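What follows is entry25.csv (CSV, C-alpha atoms).
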chain,number,residue,atom,x,y,z
A,11,MET,CA,0.0,0.0,0.0
A,12,GLN,CA,0.9,3.6,-0.5
A,13,ASP,CA,0.8,6.2,2.2
A,14,THR,CA,1.2,10.0,2.1
A,15,ILE,CA,4.8,9.9,3.4
A,16,THR,CA,6.0,7.3,0.9
A,17,ALA,CA,4.1,9.1,-1.9
A,18,LEU,CA,6.3,12.1,-1.2
A,19,ILE,CA,9.6,10.3,-0.7
A,20,ASN,CA,9.4,8.1,-3.8
A,21,PRO,CA,9.3,10.9,-6.4
A,22,ALA,CA,12.0,12.8,-4.5
A,23,ASP,CA,14.3,9.8,-4.6
A,24,GLU,CA,13.6,9.4,-8.4
A,25,GLN,CA,15.2,12.8,-8.8
A,26,GLY,CA,17.9,12.1,-6.2
A,27,GLN,CA,16.6,15.0,-4.2
A,28,TYR,CA,15.8,15.8,-0.6
A,29,LEU,CA,12.1,16.6,-0.1
A,30,ASN,CA,11.6,20.1,-1.4
A,31,SER,CA,9.8,22.8,0.7
A,32,ALA,CA,6.4,22.1,-0.9
A,33,ALA,CA,6.7,18.4,0.0
A,34,LEU,CA,7.8,19.2,3.5
A,35,ASP,CA,4.9,21.7,3.9
A,36,GLN,CA,2.5,19.0,2.9
A,37,LEU,CA,4.2,16.5,5.3
A,38,ASN,CA,4.1,19.1,8.0
A,39,LYS,CA,0.3,19.5,7.6
A,40,TYR,CA,-0.1,15.8,7.7
A,41,PHE,CA,2.0,15.5,10.9
A,42,GLN,CA,0.1,18.3,12.5
A,43,ARG,CA,-3.2,16.5,12.1
A,44,GLY,CA,-1.7,13.2,13.1
A,45,THR,CA,-2.8,13.3,16.7
A,46,MET,CA,-6.4,14.1,15.6
A,47,ARG,CA,-6.3,11.1,13.2
A,48,VAL,CA,-4.9,8.8,15.9
A,49,LYS,CA,-7.5,9.9,18.4
A,50,ALA,CA,-10.3,9.3,15.9
A,51,ALA,CA,-8.9,5.8,15.1
A,52,GLY,CA,-8.8,5.1,18.9
A,53,ILE,CA,-12.5,6.0,19.2
A,54,ILE,CA,-13.3,3.8,16.2
A,55,SER,CA,-11.3,0.8,17.6
A,56,ALA,CA,-13.2,1.1,20.9
A,57,THR,CA,-16.7,1.6,19.5
A,58,ALA,CA,-16.7,-0.1,16.1
A,59,SER,CA,-19.6,-2.4,16.7
A,60,ASP,CA,-21.6,0.4,18.1
A,61,ILE,CA,-20.8,2.5,15.0
A,62,ILE,CA,-22.0,-0.3,12.8
A,63,SER,CA,-25.2,-0.9,14.8
A,64,LYS,CA,-26.1,2.8,14.6
A,65,THR,CA,-25.3,2.9,10.9
A,66,VAL,CA,-27.6,0.0,10.2
A,67,ALA,CA,-30.3,1.6,12.4
A,68,LYS,CA,-30.0,4.8,10.4
A,69,SER,CA,-30.1,3.2,6.9
A,70,LEU,CA,-31.2,-0.4,6.5
A,71,LEU,CA,-32.9,-1.8,9.6
A,72,TYR,CA,-36.5,-0.5,9.0
A,73,GLY,CA,-36.7,-1.2,5.3
A,74,ASP,CA,-37.8,-4.2,3.2
A,75,ILE,CA,-34.2,-5.4,2.9
A,76,THR,CA,-34.3,-7.1,6.3
A,77,LEU,CA,-37.6,-8.9,5.5
A,78,PRO,CA,-38.0,-12.3,3.9
A,79,GLY,CA,-37.0,-11.8,0.2
A,80,GLY,CA,-34.7,-9.0,1.1
A,81,ASN,CA,-30.9,-9.1,0.9
A,82,MET,CA,-30.4,-8.9,4.7
A,83,TYR,CA,-32.6,-12.0,5.3
A,84,PRO,CA,-32.0,-14.5,6.7
A,85,THR,CA,-29.6,-13.9,9.6
A,86,ARG,CA,-26.6,-15.3,7.7
A,87,ARG,CA,-27.0,-12.5,5.2
A,88,TYR,CA,-27.6,-9.9,8.0
A,89,ALA,CA,-24.3,-11.0,9.6
A,90,ALA,CA,-22.5,-10.8,6.2
A,91,CYS,CA,-23.8,-7.2,5.8
A,92,LEU,CA,-22.5,-6.3,9.3
A,93,ARG,CA,-19.1,-7.9,8.4
A,94,ASP,CA,-18.9,-5.8,5.2
A,95,LEU,CA,-19.8,-2.6,6.9
A,96,SER,CA,-17.1,-3.4,9.5
A,97,TYR,CA,-14.6,-3.9,6.6
A,98,PHE,CA,-15.5,-0.5,5.1
A,99,LEU,CA,-15.1,1.2,8.5
A,100,ARG,CA,-11.8,-0.5,9.2
A,101,TYR,CA,-10.3,0.3,5.8
A,102,ALA,CA,-11.6,3.8,5.8
A,103,THR,CA,-9.8,4.2,9.1
A,104,TYR,CA,-6.6,2.9,7.7
A,105,ALA,CA,-6.9,5.2,4.7
A,106,MET,CA,-7.6,8.2,7.0
A,107,LEU,CA,-4.5,7.4,9.0
A,108,ALA,CA,-2.3,7.1,5.9
A,109,ALA,CA,-4.1,10.0,4.2
A,110,ASP,CA,-4.1,7.9,1.1
A,111,ALA,CA,-6.8,6.0,-0.6
A,112,SER,CA,-4.7,3.3,-2.3
A,113,ILE,CA,-5.4,0.7,0.4
A,114,LEU,CA,-9.1,1.0,-0.4
A,115,ASP,CA,-8.4,0.3,-4.1
A,116,GLU,CA,-6.2,-2.7,-3.3
A,117,ARG,CA,-8.0,-4.3,-0.4
A,118,VAL,CA,-11.6,-3.3,-0.7
A,119,LEU,CA,-12.7,-2.2,-4.1
A,120,ASN,CA,-10.8,-4.6,-6.2
A,121,GLY,CA,-13.6,-6.8,-7.6
A,122,LEU,CA,-16.2,-5.7,-5.0
A,123,LYS,CA,-18.7,-4.2,-7.4
A,124,GLU,CA,-18.6,-7.4,-9.5
A,125,THR,CA,-19.0,-9.6,-6.4
A,126,TYR,CA,-22.0,-7.6,-5.1
A,127,THR,CA,-23.6,-7.7,-8.5
A,128,ALA,CA,-23.1,-11.4,-8.7
A,129,LEU,CA,-24.6,-11.9,-5.2
A,130,GLY,CA,-27.5,-9.6,-5.9
A,131,VAL,CA,-26.6,-7.1,-3.3
A,132,PRO,CA,-28.4,-3.8,-4.0
A,133,ILE,CA,-25.6,-1.3,-4.5
A,134,ASP,CA,-27.9,1.7,-3.8
A,135,ARG,CA,-28.6,0.4,-0.3
A,136,VAL,CA,-24.9,-0.1,0.3
A,137,VAL,CA,-24.3,3.5,-0.6
A,138,GLU,CA,-27.1,4.5,1.7
A,139,ALA,CA,-25.5,2.7,4.5
A,140,LEU,CA,-22.1,4.3,3.8
A,141,ASN,CA,-23.7,7.7,3.8
A,142,ALA,CA,-25.3,6.9,7.1
A,143,MET,CA,-21.9,5.7,8.4
A,144,LYS,CA,-20.5,9.2,7.6
A,145,GLU,CA,-23.1,10.8,9.8
A,146,VAL,CA,-22.6,8.4,12.7
A,147,LEU,CA,-18.8,8.9,12.5
A,148,ASN,CA,-19.2,12.7,12.4
A,149,ALA,CA,-21.1,12.5,15.7
A,150,SER,CA,-18.7,10.1,17.3
A,151,VAL,CA,-15.2,11.3,16.3
A,152,GLY,CA,-16.1,15.0,15.6
A,153,ALA,CA,-16.4,17.0,12.5
A,154,GLU,CA,-12.7,17.4,11.6
A,155,ALA,CA,-11.9,13.6,11.6
A,156,GLY,CA,-15.4,12.9,10.4
A,157,GLN,CA,-14.7,15.0,7.3
A,158,GLU,CA,-11.4,13.1,6.7
A,159,LEU,CA,-13.2,9.7,7.0
A,160,ALA,CA,-16.0,10.9,4.7
A,161,VAL,CA,-13.4,11.4,2.0
A,162,TYR,CA,-12.5,7.7,2.1
A,163,LEU,CA,-16.1,6.5,2.5
A,164,ASP,CA,-16.9,8.6,-0.6
A,165,HIS,CA,-14.0,6.9,-2.3
A,166,ILE,CA,-15.7,3.5,-1.6
A,167,ILE,CA,-19.0,4.9,-2.9
A,168,ALA,CA,-17.4,6.1,-6.0
A,169,GLY,CA,-15.8,2.7,-6.6
A,170,LEU,CA,-19.2,1.0,-6.2
A,171,THR,CA,-21.2,3.2,-8.5
B,20,MET,CA,6.7,2.0,3.3
B,21,SER,CA,6.6,4.4,6.3
B,22,LEU,CA,6.0,3.6,9.9
B,23,VAL,CA,2.3,4.5,9.4
B,24,ALA,CA,2.0,2.1,6.5
B,25,GLN,CA,3.8,-0.6,8.4
B,26,VAL,CA,1.5,-0.3,11.4
B,27,ILE,CA,-1.6,-0.4,9.1
B,28,ALA,CA,-0.3,-3.5,7.3
B,29,GLN,CA,0.3,-5.2,10.7
B,30,SER,CA,-3.2,-4.4,11.9
B,31,ASP,CA,-4.7,-5.4,8.5
B,32,ALA,CA,-2.8,-8.8,8.6
B,33,ALA,CA,-4.5,-9.5,11.9
B,34,GLU,CA,-7.9,-8.4,10.4
B,35,ARG,CA,-8.8,-6.0,13.3
B,36,PHE,CA,-9.1,-2.4,14.1
B,37,LEU,CA,-5.9,-0.8,15.4
B,38,SER,CA,-4.7,-2.0,18.9
B,39,SER,CA,-3.8,0.4,21.6
B,40,THR,CA,-0.1,-0.5,21.1
B,41,GLU,CA,-0.4,0.4,17.4
B,42,LEU,CA,-2.2,3.6,18.2
B,43,ASN,CA,0.5,4.6,20.7
B,44,LYS,CA,3.2,4.0,18.1
B,45,LEU,CA,1.5,6.3,15.7
B,46,GLU,CA,0.8,8.9,18.3
B,47,GLU,CA,4.5,8.9,19.3
B,48,PHE,CA,5.5,9.2,15.6
B,49,PHE,CA,3.2,12.1,14.9
B,50,SER,CA,4.0,13.9,18.1
B,51,LYS,CA,7.6,14.5,16.8
B,52,GLY,CA,6.4,15.5,13.4
B,53,ALA,CA,7.8,19.1,13.5
B,54,LEU,CA,11.1,17.8,14.8
B,55,ARG,CA,11.3,15.2,12.0
B,56,ILE,CA,11.0,17.9,9.5
B,57,ARG,CA,13.6,20.1,11.1
B,58,VAL,CA,16.1,17.2,11.1
B,59,ALA,CA,15.4,16.5,7.5
B,60,GLU,CA,16.0,20.1,6.6
B,61,LYS,CA,19.2,20.2,8.6
B,62,LEU,CA,20.6,17.1,6.9
B,63,ALA,CA,19.7,18.5,3.5
B,64,ALA,CA,21.3,21.9,4.2
B,65,ASN,CA,24.4,20.4,5.7
B,66,GLU,CA,25.0,17.4,3.4
B,67,LYS,CA,28.1,18.9,1.7
B,68,LYS,CA,29.6,19.9,5.0
B,69,ILE,CA,28.9,16.5,6.6
B,70,VAL,CA,30.5,14.8,3.7
B,71,GLU,CA,33.6,17.0,3.4
B,72,GLU,CA,34.2,17.1,7.1
B,73,GLY,CA,33.4,13.4,7.4
B,74,SER,CA,36.0,12.6,4.6
B,75,LYS,CA,38.7,14.4,6.5
B,76,ARG,CA,38.0,12.5,9.6
B,77,PHE,CA,37.8,9.2,7.7
B,78,TRP,CA,41.1,9.8,5.8
B,79,ALA,CA,42.8,10.7,9.0
B,80,LYS,CA,41.9,7.3,10.4
B,81,CYS,CA,42.2,5.4,7.2
B,82,PRO,CA,44.5,7.1,4.7
B,83,ASN,CA,44.9,4.2,2.3
B,84,THR,CA,41.5,4.0,0.8
B,85,PRO,CA,40.2,4.4,-2.8
B,86,SER,CA,38.7,7.8,-2.2
B,87,ASN,CA,42.1,9.1,-0.9
B,88,ARG,CA,44.5,7.9,-3.6
B,89,GLY,CA,44.6,11.0,-5.8
B,90,ASN,CA,42.0,9.9,-8.3
B,91,ALA,CA,39.7,13.0,-8.2
B,92,GLN,CA,36.9,11.2,-10.1
B,93,LYS,CA,36.9,8.3,-7.7
B,94,THR,CA,36.9,10.6,-4.7
B,95,ALA,CA,33.9,12.5,-6.1
B,96,LEU,CA,32.0,9.3,-6.7
B,97,CYS,CA,32.7,8.1,-3.1
B,98,GLN,CA,31.6,11.4,-1.7
B,99,ARG,CA,28.5,11.5,-3.9
B,100,ASP,CA,27.5,8.1,-2.5
B,101,GLN,CA,28.0,9.3,1.1
B,102,GLY,CA,25.8,12.3,0.3
B,103,TRP,CA,23.2,9.9,-1.0
B,104,TYR,CA,23.3,7.9,2.2
B,105,ILE,CA,22.7,11.2,4.2
B,106,ARG,CA,19.7,11.8,1.9
B,107,LEU,CA,18.3,8.3,2.7
B,108,VAL,CA,18.8,8.9,6.4
B,109,SER,CA,16.7,12.1,6.0
B,110,TYR,CA,14.0,10.0,4.3
B,111,CYS,CA,14.1,7.5,7.2
B,112,VAL,CA,13.6,10.3,9.7
B,113,LEU,CA,10.5,11.4,7.9
B,114,ALA,CA,9.2,7.9,7.4
B,115,GLY,CA,9.8,6.8,11.0
B,116,ASN,CA,11.6,3.6,10.0
B,117,ASP,CA,14.6,2.3,8.1
B,118,LYS,CA,12.6,1.1,5.1
B,119,PRO,CA,13.8,3.8,2.7
B,120,LEU,CA,17.4,3.0,3.6
B,121,GLU,CA,16.9,-0.7,3.2
B,122,ASP,CA,15.0,-0.5,0.0
B,123,ILE,CA,17.0,2.2,-1.8
B,124,GLY,CA,20.5,1.9,-0.4
B,125,LEU,CA,21.2,-1.4,1.4
B,126,ASN,CA,19.5,-4.0,-0.7
B,127,GLY,CA,22.4,-5.1,-3.0
B,128,MET,CA,24.9,-2.6,-1.5
B,129,ARG,CA,27.5,-5.2,-0.5
B,130,GLU,CA,27.6,-6.8,-3.9
B,131,MET,CA,28.0,-3.4,-5.5
B,132,TYR,CA,30.9,-2.2,-3.4
B,133,VAL,CA,32.6,-5.6,-3.5
B,134,SER,CA,32.4,-5.4,-7.3
B,135,LEU,CA,33.7,-1.8,-7.2
B,136,GLY,CA,36.6,-3.0,-5.1
B,137,VAL,CA,35.8,-0.7,-2.2
B,138,PRO,CA,36.6,-2.4,1.1
B,139,LEU,CA,33.4,-2.6,3.3
B,140,ALA,CA,35.4,-2.1,6.5
B,141,ASN,CA,36.6,1.3,5.2
B,142,LEU,CA,33.1,2.3,4.3
B,143,ARG,CA,32.0,1.4,7.8
B,144,MET,CA,34.6,3.9,9.1
B,145,ALA,CA,33.5,6.5,6.6
B,146,MET,CA,29.8,6.2,7.6
B,147,ALA,CA,30.8,6.4,11.3
B,148,SER,CA,32.6,9.7,10.5
B,149,LEU,CA,29.5,11.0,8.8
B,150,LYS,CA,27.5,10.3,11.9
B,151,GLU,CA,30.0,12.0,14.1
B,152,VAL,CA,29.9,15.2,12.0
B,153,ALA,CA,26.1,15.1,11.8
B,154,ALA,CA,25.9,14.8,15.6
B,155,GLY,CA,28.0,17.9,16.0
B,156,LEU,CA,25.6,19.9,13.9
B,157,MET,CA,22.4,18.9,15.6
B,158,SER,CA,20.9,19.1,19.1
B,159,ALA,CA,20.7,15.9,21.1
B,160,GLU,CA,16.9,15.8,20.5
B,161,GLU,CA,17.4,16.2,16.8
B,162,MET,CA,20.2,13.6,16.6
B,163,ALA,CA,18.1,11.1,18.6
B,164,LEU,CA,15.8,10.9,15.6
B,165,ALA,CA,18.6,10.5,13.0
B,166,ALA,CA,21.1,8.4,15.0
B,167,PRO,CA,19.3,5.0,14.7
B,168,TYR,CA,19.5,5.3,10.9
B,169,PHE,CA,23.1,6.2,10.9
B,170,ASP,CA,23.7,3.2,13.2
B,171,ARG,CA,21.7,1.0,10.8
B,172,LEU,CA,23.9,2.2,8.0
B,173,ILE,CA,27.1,1.6,9.9
B,174,ARG,CA,26.0,-1.9,10.9
B,175,ALA,CA,25.3,-2.7,7.2
B,176,PHE,CA,28.9,-2.4,6.2
C-alpha cells encoding of this file:
Amino acid sequence: MQDTITALINPADEQGQYLNSAALDQLNKYFQRGTMRVKAAGIISATASDIISKTVAKSLLYGDITLPGGNMYPTRRYAACLRDLSYFLRYATYAMLAADASILDERVLNGLKETYTALGVPIDRVVEALNAMKEVLNASVGAEAGQELAVYLDHIIAGLT
Amino acid sequence: MSLVAQVIAQSDAAERFLSSTELNKLEEFFSKGALRIRVAEKLAANEKKIVEEGSKRFWAKCPNTPSNRGNAQKTALCQRDQGWYIRLVSYCVLAGNDKPLEDIGLNGMREMYVSLGVPLANLRMAMASLKEVAAGLMSAEEMALAAPYFDRLIRAF
C-alpha cells in the first residue's frame, strides 16, 4: 500500500533530491493533524460495533431489505452485511491514518462491485449505509476527523457506483 | 513503506481495528512531526559539510582507501554516495523507520561495493565519520531521531 509519506519520498528519490519545501509543507500539515487522526482511530477501535449498529439503524434496519426476500434476510446475510460494513469502516480508518486511498483500491474495491452484482446485493442500499456511516462517524469522532473519514467512504461509494 | 503504512499493514494482517499498542506507536510518531521535518531540513542543508568534514576525519583514520588515492573522479563518486546515504537517512527520519534506507540503499549494497573494489570495512569507518559530524551539527533531541538510521547504515557495512 501507498501512504502519504511514501508518496512524497518516492518521487524525491527518483530525482535524487531531498524533499523540497512544498513536499515538506505537505508533510508538516499531515503530521500536525496526526494526533487528531490517531484519536479518531482510537475511538473507532473502541466503539466499532456500536458505530456499525447505529449505521444499520439509520439506513437499513427498518426497510424491506431485512424482511424475507430482502438481501439482509436470513440472519446469515444480515451478519454478512455487518461484516462488510465493518470492513468498510476498518479500511476507511486505515486510509484516513495514511491520508491515502490506495489501500481501499487494493484491499476493498478490487472486484467488489462485481461480487455484489453477482450476489444480488443492492448497491444503492450499500451506498445509503455508507452515507449513514459518515453521519454516525461525524457524531462520534467529531467534524474534523469525520470529514477526513468521509473522503474515504466517498471513495468507496465512487468505486461501487 | 513508512511507519504509518507498516502499522496499518500489521493491523490489517490481523484483520482487526488498530490496537492500543499500534495507536500509541502512531501517536508517538506524529508527536515528533515538526522535529522530524527540522532534522530532514538540517541534513539537506548540511549534506556537503557533513561529507567534506566526514571525509577528512575518515582519511585521518584510514589514509589508504580508494577515495584518498589522488583519483579525483573516484573521490567525487565516493563522496557522492556518502551524500546519497545522508539523503536516505533524511527519508528515514520522515518515514519513521529504516525502510527507505533498506529498499534504496542497502539491498544489494554489499555486492555493489565488492564489485567496485571498495573495502566494506573502510566504508564502515566512513559512515561512522558522517554520523560524528552530523551529531556535531544537531541538538541531542534532533540527533536522537537520526542516530538510529546512521547506526543501521554503519552496521550494514
Residues near B:Phe77, cut-off 7 Å, all atoms listed in the file, skip fewer than 4 positions along chain, as a ChimeraX atom specification: /B:73,81,144-145,148
Using only C-alpha atoms, can you list as a PDB file with C-alpha atoms, keeping the file's coordinate frame the residues within 10 Å of (10.6, 9.4, 9.9)?
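Result file part_16.pdb:
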ATOM      1  CA  ILE A  15       4.800   9.900   3.400  1.00  0.00           C
TER       2      ILE A  15
ATOM      3  CA  SER B  21       6.600   4.400   6.300  1.00  0.00           C
ATOM      4  CA  LEU B  22       6.000   3.600   9.900  1.00  0.00           C
ATOM      5  CA  VAL B  23       2.300   4.500   9.400  1.00  0.00           C
ATOM      6  CA  PHE B  48       5.500   9.200  15.600  1.00  0.00           C
ATOM      7  CA  PHE B  49       3.200  12.100  14.900  1.00  0.00           C
ATOM      8  CA  LYS B  51       7.600  14.500  16.800  1.00  0.00           C
ATOM      9  CA  GLY B  52       6.400  15.500  13.400  1.00  0.00           C
ATOM     10  CA  LEU B  54      11.100  17.800  14.800  1.00  0.00           C
ATOM     11  CA  ARG B  55      11.300  15.200  12.000  1.00  0.00           C
ATOM     12  CA  ILE B  56      11.000  17.900   9.500  1.00  0.00           C
ATOM     13  CA  VAL B  58      16.100  17.200  11.100  1.00  0.00           C
ATOM     14  CA  ALA B  59      15.400  16.500   7.500  1.00  0.00           C
ATOM     15  CA  VAL B 108      18.800   8.900   6.400  1.00  0.00           C
ATOM     16  CA  SER B 109      16.700  12.100   6.000  1.00  0.00           C
ATOM     17  CA  TYR B 110      14.000  10.000   4.300  1.00  0.00           C
ATOM     18  CA  CYS B 111      14.100   7.500   7.200  1.00  0.00           C
ATOM     19  CA  VAL B 112      13.600  10.300   9.700  1.00  0.00           C
ATOM     20  CA  LEU B 113      10.500  11.400   7.900  1.00  0.00           C
ATOM     21  CA  ALA B 114       9.200   7.900   7.400  1.00  0.00           C
ATOM     22  CA  GLY B 115       9.800   6.800  11.000  1.00  0.00           C
ATOM     23  CA  ASN B 116      11.600   3.600  10.000  1.00  0.00           C
ATOM     24  CA  ASP B 117      14.600   2.300   8.100  1.00  0.00           C
ATOM     25  CA  LYS B 118      12.600   1.100   5.100  1.00  0.00           C
ATOM     26  CA  PRO B 119      13.800   3.800   2.700  1.00  0.00           C
ATOM     27  CA  LEU B 164      15.800  10.900  15.600  1.00  0.00           C
ATOM     28  CA  ALA B 165      18.600  10.500  13.000  1.00  0.00           C
ATOM     29  CA  TYR B 168      19.500   5.300  10.900  1.00  0.00           C
TER      30      TYR B 168
END
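Taking atom CA of B:Gly155 and atom CA of B:Ile69 as endpoints, the distance between them is 9.5 Å.
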Local residues around (-26.4, -0.6, 8.4), at most 12 Å away, using all atoms listed in the file, as an MDAnalysis selection string: chainID A and resid 59:73 75:76 82 88:96 98:99 135:146
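You will find atom CA of B:Ala79 at 16.0 Å from atom CA of B:Cys97.
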Among the residues A:Asp74, A:Asp164, A:Asp134, A:Asp110, the one that comes closest to chain B [using all atoms listed in the file]: A:Asp110
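Separating atom CA of B:Ala154 from atom CA of B:Lys75 is a distance of 15.7 Å.
Considering the residues B:Ala147, B:Leu142, B:Leu96, B:Ile105 and counting only C-alpha atoms, chain A has its shortest atom-to-atom contact with B:Ile105.
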All heavy atoms of stretch 25-34 of chain A from block above, as a compact mmCIF listing (two decimals), in the first residue's frame:
# COMPACT_ATOMS: atom_id res chain seq x y z
N GLN A 25 14.42 11.63 -8.31
CA GLN A 25 15.22 12.78 -8.76
C GLN A 25 16.54 12.88 -7.99
O GLN A 25 17.33 13.80 -8.24
CB GLN A 25 14.44 14.09 -8.53
CG GLN A 25 13.04 14.14 -9.11
CD GLN A 25 13.06 14.29 -10.62
OE1 GLN A 25 13.88 15.03 -11.14
NE2 GLN A 25 12.20 13.58 -11.33
N GLY A 26 16.74 11.98 -7.06
CA GLY A 26 17.94 12.07 -6.23
C GLY A 26 17.94 13.30 -5.35
O GLY A 26 19.00 13.85 -5.02
N GLN A 27 16.76 13.76 -4.96
CA GLN A 27 16.64 15.01 -4.21
C GLN A 27 16.13 14.78 -2.78
O GLN A 27 15.43 13.82 -2.53
CB GLN A 27 15.61 15.93 -4.89
CG GLN A 27 15.90 16.28 -6.32
CD GLN A 27 16.98 17.32 -6.46
OE1 GLN A 27 17.15 18.16 -5.58
NE2 GLN A 27 17.73 17.26 -7.54
N TYR A 28 16.46 15.71 -1.93
CA TYR A 28 15.80 15.78 -0.63
C TYR A 28 14.36 16.24 -0.89
O TYR A 28 14.05 16.76 -1.96
CB TYR A 28 16.51 16.78 0.28
CG TYR A 28 17.85 16.29 0.78
CD1 TYR A 28 18.99 16.42 0.00
CD2 TYR A 28 17.96 15.67 2.02
CE1 TYR A 28 20.22 15.95 0.44
CE2 TYR A 28 19.18 15.20 2.46
CZ TYR A 28 20.31 15.34 1.67
OH TYR A 28 21.50 14.85 2.11
N LEU A 29 13.49 16.09 0.09
CA LEU A 29 12.14 16.60 -0.09
C LEU A 29 12.20 18.13 -0.19
O LEU A 29 12.85 18.76 0.65
CB LEU A 29 11.23 16.18 1.07
CG LEU A 29 10.53 14.83 0.83
CD1 LEU A 29 11.52 13.68 0.91
CD2 LEU A 29 9.39 14.62 1.80
N ASN A 30 11.58 18.68 -1.19
CA ASN A 30 11.61 20.14 -1.35
C ASN A 30 10.62 20.80 -0.38
O ASN A 30 9.89 20.10 0.33
CB ASN A 30 11.34 20.54 -2.81
CG ASN A 30 9.97 20.10 -3.27
OD1 ASN A 30 9.05 19.96 -2.46
ND2 ASN A 30 9.80 19.90 -4.57
N SER A 31 10.61 22.11 -0.37
CA SER A 31 9.83 22.78 0.67
C SER A 31 8.33 22.55 0.49
O SER A 31 7.60 22.46 1.48
CB SER A 31 10.16 24.26 0.74
OG SER A 31 9.91 24.86 -0.49
N ALA A 32 7.87 22.39 -0.74
CA ALA A 32 6.44 22.11 -0.95
C ALA A 32 6.09 20.74 -0.34
O ALA A 32 5.06 20.59 0.33
CB ALA A 32 6.10 22.14 -2.44
N ALA A 33 6.95 19.75 -0.57
CA ALA A 33 6.70 18.41 -0.04
C ALA A 33 6.76 18.43 1.50
O ALA A 33 5.94 17.80 2.17
CB ALA A 33 7.71 17.42 -0.60
N LEU A 34 7.73 19.17 2.03
CA LEU A 34 7.85 19.25 3.49
C LEU A 34 6.65 19.97 4.11
O LEU A 34 6.19 19.59 5.19
CB LEU A 34 9.15 19.93 3.89
CG LEU A 34 10.43 19.11 3.68
CD1 LEU A 34 11.67 19.93 4.02
CD2 LEU A 34 10.43 17.83 4.49
